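Below is structure_30.txt, holding compact mmCIF, C-alpha atoms and all ligand atoms.
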```
# COMPACT_ATOMS: atom_id res chain seq x y z
CA MET A 1 -132.43 -32.90 122.70
CA THR A 2 -130.49 -35.62 120.93
CA LYS A 3 -127.24 -34.55 119.39
CA LYS A 4 -126.53 -35.33 115.80
CA VAL A 5 -123.30 -36.89 114.63
CA THR A 6 -122.25 -36.75 110.99
CA LEU A 7 -119.91 -39.35 109.57
CA LEU A 8 -118.17 -37.63 106.68
CA ILE A 9 -116.77 -40.15 104.24
CA PRO A 10 -115.09 -39.08 101.00
CA VAL A 11 -115.27 -41.93 98.51
CA TYR A 12 -113.44 -42.43 95.27
CA ASN A 13 -113.86 -45.78 93.52
CA GLU A 14 -114.74 -47.60 96.71
CA ALA A 15 -117.48 -49.88 95.36
CA LYS A 16 -115.68 -52.92 96.75
CA THR A 17 -115.40 -51.66 100.31
CA LEU A 18 -118.72 -49.86 100.79
CA SER A 19 -120.93 -52.76 101.90
CA GLU A 20 -118.37 -53.88 104.49
CA LEU A 21 -117.99 -50.29 105.66
CA TYR A 22 -121.75 -49.88 105.97
CA LYS A 23 -121.99 -53.06 108.02
CA ARG A 24 -119.33 -51.84 110.44
CA LEU A 25 -120.97 -48.43 110.67
CA LEU A 26 -124.33 -49.99 111.54
CA GLU A 27 -122.68 -51.72 114.50
CA LEU A 28 -121.34 -48.37 115.61
CA LEU A 29 -124.76 -46.75 115.27
CA GLU A 30 -126.40 -49.52 117.29
CA ARG A 31 -123.90 -49.09 120.08
CA ASN A 32 -124.65 -45.37 120.20
CA GLU A 33 -128.38 -45.08 119.85
CA LYS A 34 -128.59 -42.00 122.01
CA TYR A 35 -127.31 -39.95 119.09
CA GLU A 36 -129.00 -39.09 115.86
CA TRP A 37 -126.73 -40.14 112.98
CA GLU A 38 -125.97 -39.00 109.50
CA MET A 39 -123.74 -40.89 107.09
CA LEU A 40 -122.61 -38.31 104.59
CA PHE A 41 -120.82 -39.76 101.59
CA VAL A 42 -118.99 -37.41 99.26
CA ASN A 43 -118.64 -39.15 95.94
CA ASP A 44 -115.51 -37.69 94.43
CA GLY A 45 -116.17 -38.48 90.79
CA SER A 46 -115.85 -42.24 91.10
CA GLY A 47 -115.66 -44.17 87.86
CA ASP A 48 -117.19 -47.36 89.24
CA HIS A 49 -120.53 -48.20 90.85
CA THR A 50 -119.84 -46.33 94.07
CA LEU A 51 -122.66 -43.83 93.51
CA ASP A 52 -125.20 -46.56 92.66
CA ILE A 53 -124.34 -48.38 95.86
CA ILE A 54 -124.76 -45.22 97.94
CA ARG A 55 -128.12 -44.53 96.30
CA GLU A 56 -129.20 -48.07 97.09
CA LEU A 57 -128.21 -47.62 100.72
CA ARG A 58 -130.18 -44.41 100.88
CA GLN A 59 -133.32 -46.12 99.70
CA THR A 60 -133.47 -48.27 102.81
CA ASP A 61 -131.70 -45.98 105.26
CA THR A 62 -132.61 -42.31 105.45
CA ARG A 63 -129.58 -41.59 107.59
CA VAL A 64 -127.50 -41.91 104.43
CA ASN A 65 -126.96 -38.63 102.60
CA TYR A 66 -124.63 -37.99 99.74
CA VAL A 67 -123.04 -35.20 97.79
CA ASN A 68 -121.98 -36.09 94.29
CA LEU A 69 -119.16 -33.98 92.90
CA SER A 70 -119.17 -33.31 89.19
CA ARG A 71 -115.72 -34.85 88.72
CA ASN A 72 -112.75 -36.04 90.75
CA PHE A 73 -111.48 -33.14 92.84
CA GLY A 74 -109.24 -35.05 95.24
CA LYS A 75 -109.82 -35.96 98.85
CA GLU A 76 -108.85 -32.59 100.28
CA ILE A 77 -111.56 -30.80 98.33
CA ALA A 78 -114.05 -33.63 98.82
CA MET A 79 -113.69 -33.02 102.56
CA LEU A 80 -114.58 -29.35 102.14
CA ALA A 81 -117.72 -30.37 100.25
CA GLY A 82 -118.50 -32.64 103.18
CA PHE A 83 -118.10 -29.78 105.66
CA ASP A 84 -120.48 -27.69 103.56
CA TYR A 85 -123.23 -30.28 103.59
CA CYS A 86 -122.66 -31.65 107.09
CA THR A 87 -125.73 -31.18 109.30
CA GLY A 88 -124.50 -32.69 112.55
CA ASP A 89 -123.46 -31.11 115.83
CA CYS A 90 -120.15 -32.78 115.26
CA CYS A 91 -118.51 -34.39 112.29
CA VAL A 92 -116.27 -37.43 112.09
CA VAL A 93 -114.00 -37.47 109.03
CA MET A 94 -113.06 -40.99 108.03
CA ASP A 95 -111.76 -42.97 105.08
CA ALA A 96 -113.97 -45.46 103.30
CA ASP A 97 -111.39 -48.22 103.20
CA LEU A 98 -111.74 -49.22 106.88
CA GLN A 99 -108.16 -48.25 107.63
CA ASP A 100 -109.76 -46.00 110.21
CA PRO A 101 -111.54 -48.36 112.62
CA PRO A 102 -115.11 -47.17 113.40
CA GLU A 103 -114.68 -48.61 116.91
CA LEU A 104 -112.48 -45.65 117.75
CA ILE A 105 -115.38 -43.26 117.25
CA ASP A 106 -116.99 -44.39 120.54
CA GLN A 107 -113.93 -43.08 122.32
CA MET A 108 -113.94 -39.86 120.29
CA LEU A 109 -117.56 -39.23 121.24
CA LYS A 110 -116.68 -39.66 124.90
CA TYR A 111 -114.04 -36.95 124.67
CA TRP A 112 -116.40 -34.74 122.68
CA GLU A 113 -118.93 -34.97 125.51
CA GLU A 114 -116.13 -33.93 127.85
CA GLY A 115 -115.78 -30.72 125.85
CA TYR A 116 -112.97 -31.29 123.39
CA ASP A 117 -113.49 -29.79 119.93
CA ASP A 118 -111.05 -31.68 117.79
CA ILE A 119 -110.27 -35.27 118.72
CA TYR A 120 -107.71 -36.70 116.32
CA ALA A 121 -106.43 -40.23 115.96
CA ARG A 122 -102.72 -40.83 116.03
CA ARG A 123 -101.46 -43.99 114.40
CA ARG A 124 -99.27 -46.16 116.56
CA THR A 125 -98.51 -48.31 113.53
CA ARG A 126 -99.13 -47.24 109.98
CA GLY A 127 -100.47 -50.40 108.39
CA GLU A 128 -98.85 -51.97 105.41
CA GLU A 129 -96.95 -49.52 103.30
CA SER A 130 -93.62 -49.38 101.63
CA TRP A 131 -90.41 -48.51 103.47
CA MET A 132 -89.94 -45.65 101.05
CA ARG A 133 -93.35 -44.14 101.68
CA ARG A 134 -93.06 -44.36 105.45
CA HIS A 135 -89.64 -42.72 105.55
CA LEU A 136 -90.46 -40.07 103.00
CA SER A 137 -93.56 -39.07 104.87
CA LEU A 138 -91.72 -38.89 108.22
CA ALA A 139 -88.96 -36.78 106.62
CA PHE A 140 -91.60 -34.51 105.17
CA TYR A 141 -93.23 -33.91 108.53
CA SER A 142 -89.98 -33.03 110.23
CA LEU A 143 -89.13 -30.65 107.38
CA LEU A 144 -92.54 -29.01 107.56
CA GLN A 145 -92.27 -28.68 111.31
CA LYS A 146 -89.01 -26.78 110.95
CA MET A 147 -90.29 -24.51 108.22
CA SER A 148 -93.64 -23.41 109.56
CA ARG A 149 -94.62 -22.18 112.94
CA ILE A 150 -97.66 -24.43 112.79
CA ASP A 151 -97.21 -27.84 114.37
CA ILE A 152 -98.28 -30.57 112.03
CA LEU A 153 -98.18 -33.84 113.87
CA PRO A 154 -96.59 -36.86 112.24
CA ASN A 155 -98.69 -40.03 112.10
CA VAL A 156 -101.90 -38.05 112.40
CA GLY A 157 -104.22 -38.38 109.45
CA ASP A 158 -107.56 -36.87 108.66
CA PHE A 159 -109.43 -39.33 110.88
CA ARG A 160 -110.89 -37.13 113.60
CA LEU A 161 -114.01 -35.81 115.27
CA LEU A 162 -114.69 -32.10 114.84
CA ASP A 163 -117.16 -30.07 116.81
CA ARG A 164 -119.59 -28.03 114.76
CA ARG A 165 -117.70 -24.83 115.46
CA CYS A 166 -114.57 -26.34 113.86
CA VAL A 167 -116.64 -27.34 110.85
CA LEU A 168 -118.06 -23.83 110.55
CA THR A 169 -114.57 -22.38 110.75
CA LEU A 170 -113.22 -24.78 108.15
CA ARG A 171 -116.06 -23.84 105.80
CA ARG A 172 -114.71 -20.33 105.70
CA MET A 173 -111.34 -21.54 104.44
CA ARG A 174 -112.05 -22.06 100.79
CA GLU A 175 -108.64 -22.10 99.15
CA CYS A 176 -108.42 -24.36 96.12
CA GLU A 177 -104.99 -25.73 96.94
CA ARG A 178 -105.83 -27.42 100.15
CA TYR A 179 -103.72 -29.10 102.72
CA THR A 180 -106.40 -29.93 105.22
CA LYS A 181 -104.08 -31.32 107.87
CA GLY A 182 -102.47 -27.88 108.11
CA LEU A 183 -105.92 -26.29 108.34
CA PHE A 184 -106.94 -28.53 111.24
CA THR A 185 -103.92 -27.31 113.17
CA TRP A 186 -104.41 -23.71 112.10
CA ILE A 187 -107.93 -23.40 113.49
CA GLY A 188 -106.81 -24.29 117.00
CA TYR A 189 -109.55 -25.02 119.61
CA ASN A 190 -109.30 -27.75 122.24
CA LYS A 191 -107.48 -30.68 120.79
CA LYS A 192 -107.11 -34.20 122.09
CA GLY A 193 -105.11 -37.04 120.57
CA ILE A 194 -105.97 -40.69 120.91
CA GLU A 195 -103.87 -43.58 119.66
CA PHE A 196 -104.79 -46.49 117.45
CA ASP A 197 -103.28 -49.13 115.22
CA ARG A 198 -103.89 -48.38 111.60
CA GLY A 199 -105.09 -51.42 109.73
CA ASN A 200 -104.52 -52.34 106.13
CA ARG A 201 -106.73 -51.33 103.28
CA LYS A 202 -109.70 -53.72 103.10
CA ASP A 203 -109.99 -53.89 99.34
CA GLY A 204 -109.04 -52.07 96.22
CA ARG A 205 -105.82 -50.14 96.36
CA SER A 206 -104.63 -46.82 97.63
CA SER A 207 -105.08 -44.19 94.99
CA TRP A 208 -101.90 -42.45 96.06
CA ASN A 209 -98.59 -42.82 94.31
CA LEU A 210 -95.19 -41.31 94.93
CA PHE A 211 -95.87 -38.44 92.55
CA LYS A 212 -99.16 -37.54 94.25
CA LEU A 213 -97.47 -37.67 97.63
CA LEU A 214 -94.66 -35.41 96.43
CA ASN A 215 -97.25 -32.96 95.15
CA LEU A 216 -99.09 -33.03 98.44
CA ALA A 217 -95.79 -32.43 100.25
CA ILE A 218 -95.00 -29.36 98.12
CA GLU A 219 -98.56 -28.18 98.63
CA GLY A 220 -98.22 -28.69 102.35
CA ILE A 221 -95.02 -26.69 102.54
CA THR A 222 -96.04 -23.84 100.25
CA SER A 223 -99.47 -23.48 101.84
CA ALA A 224 -98.20 -23.48 105.42
CA SER A 225 -95.10 -21.33 105.13
CA THR A 226 -93.11 -18.93 103.02
CA PHE A 227 -89.85 -20.29 104.38
CA PRO A 228 -88.62 -21.55 100.97
CA LEU A 229 -88.70 -17.97 99.72
CA ARG A 230 -86.65 -16.88 102.71
CA MET A 231 -84.22 -19.68 101.95
CA ALA A 232 -83.76 -18.41 98.39
CA THR A 233 -83.03 -14.95 99.77
CA ILE A 234 -80.51 -16.27 102.29
CA THR A 235 -78.73 -18.36 99.65
CA GLY A 236 -78.57 -15.28 97.47
CA ILE A 237 -77.04 -13.22 100.26
CA VAL A 238 -74.47 -15.89 101.10
CA PHE A 239 -73.32 -16.12 97.49
CA ALA A 240 -73.28 -12.36 96.97
CA VAL A 241 -71.14 -11.77 100.07
CA GLY A 242 -68.93 -14.74 99.22
CA SER A 243 -68.31 -13.60 95.68
CA PHE A 244 -67.54 -10.04 96.84
CA ILE A 245 -64.87 -11.30 99.23
CA TYR A 246 -63.51 -13.55 96.52
CA ALA A 247 -63.41 -10.61 94.10
CA LEU A 248 -61.34 -8.56 96.58
CA PHE A 249 -58.98 -11.46 97.07
CA PHE A 250 -58.67 -11.92 93.33
CA LEU A 251 -58.06 -8.22 92.73
CA ALA A 252 -55.22 -8.19 95.27
CA LYS A 253 -53.73 -11.32 93.76
CA THR A 254 -53.79 -9.87 90.25
CA ILE A 255 -52.16 -6.64 91.42
CA ILE A 256 -49.39 -8.43 93.27
CA TYR A 257 -48.64 -11.39 90.97
CA GLY A 258 -49.92 -10.12 87.63
CA GLU A 259 -52.59 -11.73 85.51
CA GLN A 260 -52.68 -15.37 84.56
CA VAL A 261 -55.56 -17.13 82.84
CA ALA A 262 -56.24 -20.38 84.63
CA GLY A 263 -59.00 -22.06 86.56
CA PHE A 264 -61.28 -22.71 83.63
CA PRO A 265 -62.91 -25.79 85.23
CA THR A 266 -63.59 -23.82 88.40
CA LEU A 267 -65.30 -21.19 86.30
CA ILE A 268 -67.59 -23.71 84.63
CA ILE A 269 -68.45 -25.35 87.94
CA VAL A 270 -69.28 -22.05 89.58
CA ILE A 271 -71.45 -20.97 86.65
CA LEU A 272 -73.33 -24.25 86.54
CA PHE A 273 -73.77 -24.33 90.31
CA LEU A 274 -75.09 -20.79 90.49
CA GLY A 275 -77.26 -21.45 87.44
CA GLY A 276 -78.77 -24.40 89.29
CA ILE A 277 -79.46 -22.34 92.37
CA GLN A 278 -81.05 -19.62 90.27
CA MET A 279 -83.34 -22.09 88.57
CA LEU A 280 -84.31 -23.54 91.93
CA SER A 281 -85.07 -20.11 93.34
CA LEU A 282 -87.15 -19.25 90.30
CA GLY A 283 -88.97 -22.53 90.73
CA ILE A 284 -89.72 -21.72 94.35
CA ILE A 285 -91.03 -18.27 93.44
CA GLY A 286 -93.03 -19.82 90.62
CA GLU A 287 -94.58 -22.25 93.06
CA TYR A 288 -96.05 -19.35 95.02
CA ILE A 289 -97.03 -17.36 91.96
CA GLY A 290 -98.85 -20.43 90.69
CA ARG A 291 -100.82 -20.57 93.90
CA ILE A 292 -101.63 -16.87 93.68
CA PHE A 293 -102.75 -17.39 90.08
CA LYS A 294 -105.08 -20.21 91.03
CA GLU A 295 -106.59 -18.43 94.01
CA THR A 296 -107.07 -15.08 92.29
CA LYS A 297 -109.32 -16.67 89.67
CA GLY A 298 -111.82 -16.91 92.49
CA ARG A 299 -113.49 -20.02 91.17
CA PRO A 300 -115.68 -22.12 93.43
CA THR A 301 -113.50 -24.73 95.08
CA TYR A 302 -115.59 -27.61 93.78
CA VAL A 303 -118.70 -28.25 91.75
CA ALA A 304 -121.36 -30.47 93.26
CA SER A 305 -123.82 -32.00 90.83
CA ASP A 306 -126.24 -33.70 93.24
CA TYR A 307 -127.21 -33.57 96.89
CA ASN A 308 -129.30 -36.66 97.54
CA GLU A 309 -132.09 -36.61 94.98
CA LYS A 310 -131.66 -32.93 94.27
CA LYS A 311 -129.77 -31.80 91.20
CA LEU A 312 -127.54 -28.85 91.92
CA GLY A 313 -126.59 -25.99 89.71
CA TYR A 314 -124.30 -23.24 90.83
CA GLU A 315 -125.42 -22.77 94.39
CA TYR A 316 -124.19 -23.35 97.88
CA PRO A 317 -126.03 -24.75 100.85
CA GLU A 318 -127.23 -21.90 103.04
N1 LIG A 401 -110.36 -40.34 98.10
C1 LIG A 401 -111.12 -39.34 97.50
N2 LIG A 401 -110.66 -38.73 96.36
C2 LIG A 401 -109.47 -39.07 95.79
C3 LIG A 401 -108.69 -40.07 96.41
C4 LIG A 401 -109.16 -40.68 97.57
O1 LIG A 401 -112.19 -38.98 97.99
O2 LIG A 401 -109.12 -38.49 94.75
C5 LIG A 401 -110.85 -41.00 99.33
C6 LIG A 401 -110.85 -42.52 99.29
O3 LIG A 401 -112.03 -43.03 98.75
C7 LIG A 401 -110.70 -42.88 100.74
C8 LIG A 401 -109.86 -41.74 101.30
O4 LIG A 401 -110.00 -40.66 100.38
O5 LIG A 401 -111.95 -42.90 101.42
C9 LIG A 401 -108.41 -42.13 101.48
O6 LIG A 401 -107.89 -42.62 100.27
P1 LIG A 401 -106.78 -43.74 100.18
O7 LIG A 401 -107.16 -44.92 101.02
O8 LIG A 401 -106.57 -43.98 98.73
O9 LIG A 401 -105.54 -42.98 100.80
P2 LIG A 401 -104.49 -43.53 101.90
O10 LIG A 401 -105.27 -44.29 102.94
O11 LIG A 401 -103.55 -44.39 101.15
O12 LIG A 401 -103.89 -42.28 102.43
MG MG A 402 -106.47 -45.75 102.75
```
In structure tokens, write the structure found in this file.
Amino acid sequence: MTKKVTLLIPVYNEAKTLSELYKRLLELLERNEKYEWEMLFVNDGSGDHTLDIIRELRQTDTRVNYVNLSRNFGKEIAMLAGFDYCTGDCCVVMDADLQDPPELIDQMLKYWEEGYDDIYARRRTRGEESWMRRHLSLAFYSLLQKMSRIDILPNVGDFRLLDRRCVLTLRRMRECERYTKGLFTWIGYNKKGIEFDRGNRKDGRSSWNLFKLLNLAIEGITSASTFPLRMATITGIVFAVGSFIYALFFLAKTIIYGEQVAGFPTLIIVILFLGGIQMLSLGIIGEYIGRIFKETKGRPTYVASDYNEKKLGYEYPE
């Protein structure tokens, strides 16, 4: 029986890169004719002609399937939609902008045949990106590593091959605030890393900006660990103990030397400093409450409006 491989490609305003991507994918498919292939595009509410182009591709190539989301949900959620509609025995998650070279998939398939479940690509170089972004993202990974017991590898993106059992497991994880990289690590199974050089974006521009990255970082931390809450507690304890000792010292001083009113600046500084820490702690707690709020609404994680020619209402694939 031939095995089926799904290429899961979330696309958001990628009209410019799609034809080039399709060409490169066809080469990959020709090299690996022993597999049955599916190219599953998840259109994440693109505002350009992306969907038209995918529909055109589908007219001549039945291996092309697509899910059309009802609006832009972000890549993390688009990937979940892809997992839901993926029909293959394994699933390769890749970006549409050709920063993830399709040539690497041959190697991934080899390891899959050897029995690995999750073959991820580690970037040796990161392609063109700003100094700021590179350093911020590395700092974020080392912070996350220290905070959570789950290893999240730096320089590993979403580009990977997942066995069907990983896909089935990931389908069960339906939180709205998703940090998929953490989920990949969480599910475990047999992992294998391979290295590659990340290219530059072929066309268009990255839809990420510093603010989005910061949000993703906070999401990553708050979804993978409750360490920030612990930190707030520890800070609280340190200040409480410190102030108690200081109070004793002050009491003794007043008894021995009498009272003198001084140290007004110190007072202001201490009040402002503690006020700052309190606000920060409240913010941290709020961060988690916000997540609880969103998850307890129990909404579907995304809304799909079409699967190929079929219009969808509120329903899930079986
Ligand atoms: N993407 C998406 N929804 C979004 C933003 C991006 O589906 O809201 C897709 C995009 O089309 C691409 C992939 O996610 O296939 C990676 O996006 P991008 O290249 O902008 O991210 P970067 O490579 O800079 O991390
Ligand atoms: Mg990219």
Protein and nucleic acid residues within 8 Å of ligand LIG 401 (chain A) (all atoms listed in the file) as a PyMOL selection string
chain A and resi 9-14+42-45+72-76+78-79+94-97+99+201+205-208
Same residues, C-alpha atoms, output as a PDB file, keeping the file's coordinate frame:
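part-v3.pdb was written with the following content:
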```
ATOM      1  CA  ILE A   9    -116.770 -40.150 104.240  1.00  0.00           C
ATOM      2  CA  PRO A  10    -115.090 -39.080 101.000  1.00  0.00           C
ATOM      3  CA  VAL A  11    -115.270 -41.930  98.510  1.00  0.00           C
ATOM      4  CA  TYR A  12    -113.440 -42.430  95.270  1.00  0.00           C
ATOM      5  CA  ASN A  13    -113.860 -45.780  93.520  1.00  0.00           C
ATOM      6  CA  GLU A  14    -114.740 -47.600  96.710  1.00  0.00           C
ATOM      7  CA  VAL A  42    -118.990 -37.410  99.260  1.00  0.00           C
ATOM      8  CA  ASN A  43    -118.640 -39.150  95.940  1.00  0.00           C
ATOM      9  CA  ASP A  44    -115.510 -37.690  94.430  1.00  0.00           C
ATOM     10  CA  GLY A  45    -116.170 -38.480  90.790  1.00  0.00           C
ATOM     11  CA  ASN A  72    -112.750 -36.040  90.750  1.00  0.00           C
ATOM     12  CA  PHE A  73    -111.480 -33.140  92.840  1.00  0.00           C
ATOM     13  CA  GLY A  74    -109.240 -35.050  95.240  1.00  0.00           C
ATOM     14  CA  LYS A  75    -109.820 -35.960  98.850  1.00  0.00           C
ATOM     15  CA  GLU A  76    -108.850 -32.590 100.280  1.00  0.00           C
ATOM     16  CA  ALA A  78    -114.050 -33.630  98.820  1.00  0.00           C
ATOM     17  CA  MET A  79    -113.690 -33.020 102.560  1.00  0.00           C
ATOM     18  CA  MET A  94    -113.060 -40.990 108.030  1.00  0.00           C
ATOM     19  CA  ASP A  95    -111.760 -42.970 105.080  1.00  0.00           C
ATOM     20  CA  ALA A  96    -113.970 -45.460 103.300  1.00  0.00           C
ATOM     21  CA  ASP A  97    -111.390 -48.220 103.200  1.00  0.00           C
ATOM     22  CA  GLN A  99    -108.160 -48.250 107.630  1.00  0.00           C
ATOM     23  CA  ARG A 201    -106.730 -51.330 103.280  1.00  0.00           C
ATOM     24  CA  ARG A 205    -105.820 -50.140  96.360  1.00  0.00           C
ATOM     25  CA  SER A 206    -104.630 -46.820  97.630  1.00  0.00           C
ATOM     26  CA  SER A 207    -105.080 -44.190  94.990  1.00  0.00           C
ATOM     27  CA  TRP A 208    -101.900 -42.450  96.060  1.00  0.00           C
TER      28      TRP A 208
END
```
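If you look at atom CA of A:Ser70 and atom CA of A:Val303, they are 5.7 Å away from each other.
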For A:Glu295, work out the shell of residues within 7 Å, counting all atoms listed in the file and skipping chain neighbours fewer than 4 positions away, then give it as a PDB file with C-alpha atoms, in the frame of the given file.
```pdb
ATOM      1  CA  GLU A 175    -108.640 -22.100  99.150  1.00  0.00           C
ATOM      2  CA  CYS A 176    -108.420 -24.360  96.120  1.00  0.00           C
ATOM      3  CA  ARG A 291    -100.820 -20.570  93.900  1.00  0.00           C
TER       4      ARG A 291
END
```
Grab the atom CA of A:Gln278 to atom CA of A:Phe227 distance for me, in Å with one decimal place.
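Interatomic distance, atom CA of A:Gln278 to atom CA of A:Phe227: 16.6 Å.
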Pick from A:Gly290, A:Gly47, A:Gly157, A:Gly258 nearest to ligand MG 402 (chain A), counting only C-alpha atoms and all ligand atoms
A:Gly157
One decimal, in Å: what's the spacing between atom CA of A:Thr17 and atom CA of A:Leu98?
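Between atom CA of A:Thr17 and atom CA of A:Leu98 the gap works out to 7.9 Å.
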Test item: residues at most 8 Å from stretch 230-239 of chain A, all atoms listed in the file, excluding those fewer than 3 positions along its chain, as number ranges by chain:
A: 226-227, 242-243, 281, 284
With C-alpha atoms kept, could you save the residues just selected as an mmCIF file, in the frame of the given file?
```
data_model
loop_
_atom_site.group_PDB
_atom_site.id
_atom_site.type_symbol
_atom_site.label_atom_id
_atom_site.label_comp_id
_atom_site.auth_asym_id
_atom_site.auth_seq_id
_atom_site.Cartn_x
_atom_site.Cartn_y
_atom_site.Cartn_z
ATOM 1 C CA THR A 226 -93.110 -18.930 103.020
ATOM 2 C CA PHE A 227 -89.850 -20.290 104.380
ATOM 3 C CA GLY A 242 -68.930 -14.740 99.220
ATOM 4 C CA SER A 243 -68.310 -13.600 95.680
ATOM 5 C CA SER A 281 -85.070 -20.110 93.340
ATOM 6 C CA ILE A 284 -89.720 -21.720 94.350
#
```
Residue among A:Ile221, A:Ile53, A:Met108, A:Ile255 lying closest to A:Gln145, counting only C-alpha atoms:
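Answer, going by the shortest atom-to-atom distance: A:Ile221.
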Considering all atoms listed in the file, give me a table of residues in stretch 53-124 of chain A that are at most 9 Å from stretch 159-173 of chain A, with the closest atom pair and distance in Å for each, as a Markdown table.
```
| residue | atom | partner | partner_atom | distance |
| --- | --- | --- | --- | --- |
| A:Leu80 | CA | A:Arg171 | CA | 6.8 |
| A:Ala81 | CA | A:Arg171 | CA | 8.7 |
| A:Phe83 | CA | A:Val167 | CA | 5.9 |
| A:Asp84 | CA | A:Arg171 | CA | 6.3 |
| A:Cys86 | CA | A:Val167 | CA | 8.3 |
| A:Thr87 | CA | A:Arg164 | CA | 8.8 |
| A:Gly88 | CA | A:Arg164 | CA | 7.1 |
| A:Asp89 | CA | A:Arg164 | CA | 5.1 |
| A:Cys90 | CA | A:Asp163 | CA | 4.3 |
| A:Cys91 | CA | A:Leu162 | CA | 5.1 |
| A:Val92 | CA | A:Leu161 | CA | 4.2 |
| A:Val93 | CA | A:Phe159 | CA | 5.3 |
| A:Met94 | CA | A:Phe159 | CA | 4.9 |
| A:Asp95 | CA | A:Phe159 | CA | 7.2 |
| A:Asp100 | CA | A:Phe159 | CA | 6.7 |
| A:Ile105 | CA | A:Leu161 | CA | 7.8 |
| A:Met108 | CA | A:Leu161 | CA | 6.5 |
| A:Leu109 | CA | A:Leu161 | CA | 7.7 |
| A:Trp112 | CA | A:Asp163 | CA | 7.5 |
| A:Tyr116 | CA | A:Asp163 | CA | 7.9 |
| A:Asp117 | CA | A:Asp163 | CA | 4.8 |
| A:Asp118 | CA | A:Leu162 | CA | 4.7 |
| A:Ile119 | CA | A:Leu161 | CA | 5.1 |
| A:Tyr120 | CA | A:Arg160 | CA | 4.2 |
| A:Ala121 | CA | A:Arg160 | CA | 5.9 |
| A:Arg122 | CA | A:Phe159 | CA | 8.6 |
```
Please return the centre and edge lengths, in Å to one decimal, of a box with edges along x, y and z that contains all listed atoms of stretch 158-162 of chain A, widened by 3 Å on every side, as AutoDock Vina command-line options.
```
--center_x -111.1 --center_y -35.7 --center_z 112.0 --size_x 13.1 --size_y 13.2 --size_z 12.6
```
